[in-house]
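Below: the structure, in structure tokens.
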Amino acid sequence: MDTDRRRGGHGRAVRLSVLLGCGVVVLAGCGAMPVTGDVKAVDASQPGDSQVQVYAVPPREGASPLEVVDGFLESMTSDDPDFRTTRTYLTAKAADAWQPGEGTTVLAKAPNRNGPTIRDRAHRADETTYTLTGEQVAAVDAQSSYRPLAPSEYSQMLHLVQEKGADGKQEWRIDIVPDGLVLGQSDFKRLYRSVNKYYFAAGRTDDASALVADPVYVRNRIDPVTRMDTATQTVRTLLEGPSNWLRPVVDSRFPAGTALRKGVTSLAPDDQNVLKVPLNKKADKAGQGACRMMAAQVLFTLRDLTSARVGQVELQGERGPLCSLGADEAEDFASDKGSEGPDSQYFVDGEGHVQRIPGSSRGSGDPQPVIGPLGGGTVAMSAVGVARDEQQAAAVSANQQDLYVSSLTEESEPAAPVVTSRAKKAADRLSVPSWDGRGDLWVADRDPADPRLLRLVGGSGEPQEVSVPGLYGGRIEALRMSADGVRIALRVSKDGHTTLHIGRVERHGSGEAEQVSVEDLRQAAPQLTDVTAVSWSGRSRLVVVGKEEGGVQQVRYVQADGSTSSSGVLPGVNQVTAVAAADDEQLPLMADTESDGIVKLSPGDNWQTVLKEGSSLVYPG
């Protein structure tokens, strides 16, 4: 529970029994008041401590309306099975109708309660109304998908009446209550954790069959509604299908209607690290190829849960085992091929030539000019983007007017630019280019007279303009494509601020007739009012450089759904102008700085200078 709630409204005294040594907190929000000594608030939901368990108690006999409201709010933060105790604060009818699983409203702090209204006090003695208020910062829908929101006012009503109890006495109970939970951020972080479930990118026919991360929030330990443990909740959400936002661009290989077998509430690997997943009869329709892809979805989904340690998944249908897949075999379905991907880095040196740093995972490689005109040509470059297979690179000229594409594997003559901006100012011309996992090249032309997002199929041919209907007058300043090719991170400037947005890349048709658009832009870090740089870091995480309103520059991790990563804010570094991260999260994070040159941050280490001269350091992608 948040201490803030105890300070809201008219204030109250709360007696708590706290057994932190056992990780247990017993709520007694409507218990007897202490008769002696000072009353002190106890913060039961210590932020970040997911081991603290909170248990609710029912309202005391003769509890006042204020005690009932406070007890109900506290009970929502508990580990109450099926919220049975929480429902005792409601009338019988409201208790049956209330749906706590319909979503969660996340407030900056626990809700305040205000009331009763003057009208209630003046007119009726057997009913009263309280209002819950606060600053809403996020919402989690019934699909467990998180969405950050620009801070906004939250206000909901709780209506109370007097209802006859089992002993025949009249007791105050809540009869009008909104569905779902209302939690402060600290309670939300204690009760829930972010996990990625995985689906296949729609329309992929190549052998990569890229798996796409779909982040959701599930309950720590046991879910009060389903009584499932964390792993089982995660598999359940996977089987229910992708979130509404991602659904148009991904596919699940599970046959429609596939679900866990009735009564399954716990999934854990055996002593051989094999996880057996019992499914209903709908799963029997899958062939062997589809079944292995289903198993890959489960393996990737569960490997983020370190407690599971799954080495192999065996899917079981109604008539017995369907198929099995080992963790090593599942890597064939990865969009980035895990740690086997390239670990080289590329940058532009002081003379405008593109250089490569091999073996970057150990930081031992010496820079070498790349093969071809980008490494030793007459045109000076300012920024570079390298295809994920490291066969091609694209570079923007020093004046940011022209985009060139060249092979990295064989010598060739300088070619004509593939894109040219007509903007008068360098800052209004081309952005740093980015390659997606399909081998397509993306760049933004920031020309005020004709701003465009462009895609070159395979890095060649006529640039195709990509529509972005959700910009609403904003201008794309920079972009980074995800490895799976279905999400794009955009820095968008509007009204004097540059903010971070994530878009869904939709493709319709095929070949030369294929139409591509970026749909349903979502602000990914609304707390940052000015974003300087961004890069994908793994399958569902970004590293972002930016400032909060009135704050200083910071480097932090943000999940693709906009929630703050548990990794939080990274060590400070001065005057960052660009940042680069790899698909493999174990590789160093790199940054361009105005004062220290190019610096790197290895896991568990501090920032270190790599190159005093040079800029635009990137990993492939």
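Labels for the structure tokens follow display order: chains A, B, ..., residues from 1 in each chain, ligands from 1.
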
Sorted per-residue table, segment 132-155 of chain A near segment 236-251 of chain A, closest atoms and distance, 10 Å, only C-alpha atoms, as a tab-separated table:
```
residue	atom	partner	partner_atom	distance
A:Asp141	CA	A:Ser243	CA	9.6
A:Ala142	CA	A:Ser243	CA	9.8
A:Gln143	CA	A:Ser243	CA	6.4
A:Ser144	CA	A:Thr237	CA	8.0
A:Ser145	CA	A:Ser243	CA	6.7
A:Tyr146	CA	A:Ser243	CA	10.0
```

Can you spit out the residues from that selection as a PDB file, in the first residue's frame, using N, CA and C atoms?
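Just written: result36.pdb:
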```pdb
ATOM      1  N   ASP A 141      -5.082  -3.031 -19.938  1.00  0.00           N
ATOM      2  CA  ASP A 141      -6.403  -3.483 -20.363  1.00  0.00           C
ATOM      3  C   ASP A 141      -6.642  -4.941 -20.002  1.00  0.00           C
ATOM      4  N   ALA A 142      -7.791  -5.466 -20.406  1.00  0.00           N
ATOM      5  CA  ALA A 142      -8.160  -6.834 -20.065  1.00  0.00           C
ATOM      6  C   ALA A 142      -7.242  -7.858 -20.720  1.00  0.00           C
ATOM      7  N   GLN A 143      -6.494  -7.450 -21.753  1.00  0.00           N
ATOM      8  CA  GLN A 143      -5.513  -8.329 -22.388  1.00  0.00           C
ATOM      9  C   GLN A 143      -4.157  -8.262 -21.693  1.00  0.00           C
ATOM     10  N   SER A 144      -4.074  -7.536 -20.604  1.00  0.00           N
ATOM     11  CA  SER A 144      -2.839  -7.352 -19.828  1.00  0.00           C
ATOM     12  C   SER A 144      -1.824  -6.466 -20.531  1.00  0.00           C
ATOM     13  N   SER A 145      -2.255  -5.713 -21.547  1.00  0.00           N
ATOM     14  CA  SER A 145      -1.358  -4.815 -22.272  1.00  0.00           C
ATOM     15  C   SER A 145      -1.286  -3.471 -21.567  1.00  0.00           C
ATOM     16  N   TYR A 146      -0.070  -2.996 -21.389  1.00  0.00           N
ATOM     17  CA  TYR A 146       0.204  -1.737 -20.686  1.00  0.00           C
ATOM     18  C   TYR A 146       0.251  -0.594 -21.687  1.00  0.00           C
TER      19      TYR A 146
END
```

Taking only residues of segment 170-281 of chain A that have an atom at most 9 Å from an atom of segment 319-324 of chain A, what is each one's shortest atom pair and its distance in Å to one decimal, using only C-alpha atoms, in chain and number order, as a Markdown table?
```
| residue | atom | partner | partner_atom | distance |
| --- | --- | --- | --- | --- |
| A:Lys276 | CA | A:Pro321 | CA | 8.8 |
| A:Pro278 | CA | A:Pro321 | CA | 8.7 |
| A:Lys281 | CA | A:Arg319 | CA | 8.0 |
```

Residues near Thr301 of chain A, cut-off 6 Å, only C-alpha atoms, skip fewer than 2 positions along chain, as a PDB file with C-alpha atoms, in the first residue's frame:
```pdb
ATOM      1  CA  ASN A 196       7.113 -10.851 -23.416  1.00  0.00           C
ATOM      2  CA  LYS A 197       4.912 -13.286 -25.286  1.00  0.00           C
ATOM      3  CA  TYR A 198       5.952 -14.097 -28.848  1.00  0.00           C
ATOM      4  CA  VAL A 298       6.251 -21.029 -25.654  1.00  0.00           C
ATOM      5  CA  LEU A 299      10.027 -21.333 -25.262  1.00  0.00           C
ATOM      6  CA  ARG A 303      12.751 -17.800 -21.160  1.00  0.00           C
TER       7      ARG A 303
END
```

Got a sec: who's within 10 Å of Arg487 of chain A, counting only C-alpha atoms, leaving out chain neighbours fewer than 6 positions off, as an mmCIF file with C-alpha atoms, in the first residue's frame?
```cif
data_model
loop_
_atom_site.group_PDB
_atom_site.id
_atom_site.type_symbol
_atom_site.label_atom_id
_atom_site.label_comp_id
_atom_site.auth_asym_id
_atom_site.auth_seq_id
_atom_site.Cartn_x
_atom_site.Cartn_y
_atom_site.Cartn_z
ATOM 1 C CA VAL A 212 7.950 -10.625 -32.424
ATOM 2 C CA LEU A 246 0.097 -5.886 -32.470
ATOM 3 C CA VAL A 249 1.042 -7.569 -38.072
ATOM 4 C CA ASP A 436 14.955 -3.695 -40.876
ATOM 5 C CA ARG A 480 15.138 3.090 -35.790
ATOM 6 C CA MET A 481 13.666 -0.133 -37.173
ATOM 7 C CA ILE A 502 6.388 3.533 -31.552
ATOM 8 C CA GLY A 503 4.508 2.670 -34.728
ATOM 9 C CA ARG A 504 3.210 -0.555 -36.219
ATOM 10 C CA VAL A 505 4.483 -1.287 -39.748
ATOM 11 C CA GLU A 506 1.627 -2.669 -41.851
ATOM 12 C CA VAL A 518 3.059 3.133 -40.115
ATOM 13 C CA GLU A 519 -0.115 2.896 -38.049
ATOM 14 C CA SER A 540 11.257 -5.471 -26.856
ATOM 15 C CA ALA A 560 8.334 -1.221 -26.284
#
```

ask   = Suppose you want the space between atom CA of Lys494 of chain A and atom CA of Ala383 of chain A; what is it in Å?
value = 23.9 Å

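Atom CA of Ser434 of chain A lies 16.0 Å from atom CA of Arg539 of chain A.
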
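Proximity ranking of A:Phe347, A:Gln559, A:Gly203, A:Pro111 relative to Gly509 of chain A places A:Gly203 first, based on only C-alpha atoms.
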
task = Would you return as number ranges by chain the members of segment 85-260 of chain A that DSSP assigns to helix (DSSP H, G or I) on this structure's backbone?
result = A: 85-87, 92-97, 100-102, 118-123, 185-191, 230-240, 247-249

key: Who sits within 10 Å of Leu570 of chain A, only C-alpha atoms, same chain under 3 positions skipped, as an NGL selection string   = :A and (543 or 554-557 or 567 or 573 or 601 or 606-607)

request  = Please identify all polymer residues within 9 Å of Ser595 of chain A, counting only C-alpha atoms, omitting same-chain residues fewer than 3 positions from it, and present them as a list in words.
outcome  = Asn574, Gln575, Val576 and Lys612 of chain A

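Between atom CA of Ser155 of chain A and atom CA of Lys109 of chain A lies a distance of 13.5 Å.
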
Non-local contacts of Glu549 of chain A (10 Å; only C-alpha atoms; under 4 positions in same chain excluded) as a tab-separated table (two decimals) with N, CA, C and O atoms, in the first residue's frame:
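Contents of out_15.tsv, freshly written:
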```tsv
chain	number	residue	atom	x	y	z
A	527	GLN	N	6.89	10.63	-20.10
A	527	GLN	CA	7.52	11.41	-19.04
A	527	GLN	C	8.71	12.21	-19.58
A	527	GLN	O	9.16	13.15	-18.92
A	528	LEU	N	9.23	11.85	-20.76
A	528	LEU	CA	10.35	12.57	-21.37
A	528	LEU	C	9.79	13.58	-22.37
A	528	LEU	O	9.22	13.19	-23.39
A	529	THR	N	9.96	14.85	-22.09
A	529	THR	CA	9.41	15.88	-22.96
A	529	THR	C	10.35	16.22	-24.11
A	529	THR	O	9.92	16.83	-25.09
A	530	ASP	N	11.62	15.83	-24.01
A	530	ASP	CA	12.57	16.04	-25.10
A	530	ASP	C	13.48	14.83	-25.21
A	530	ASP	O	14.25	14.54	-24.29
```

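Across A:Leu471, A:Ser412, A:Val618, A:Gln608, the tightest approach to Arg388 of chain A is made by A:Val618 when counting only C-alpha atoms.
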
request  = Taking the chain letters and numbering used in this document, name the residues of segment 450-576 of chain A that DSSP puts in strand (DSSP E or B), as number ranges by chain.
outcome  = A: 452-456, 464-467, 475-481, 487-494, 497-508, 515-523, 528-536, 541-548, 554-559, 564-569, 576

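Here the question is which of A:Ser493, A:Ser482, A:Ser431, A:Thr499 gets nearest to Ser537 of chain A using only C-alpha atoms, and that residue is A:Ser482.
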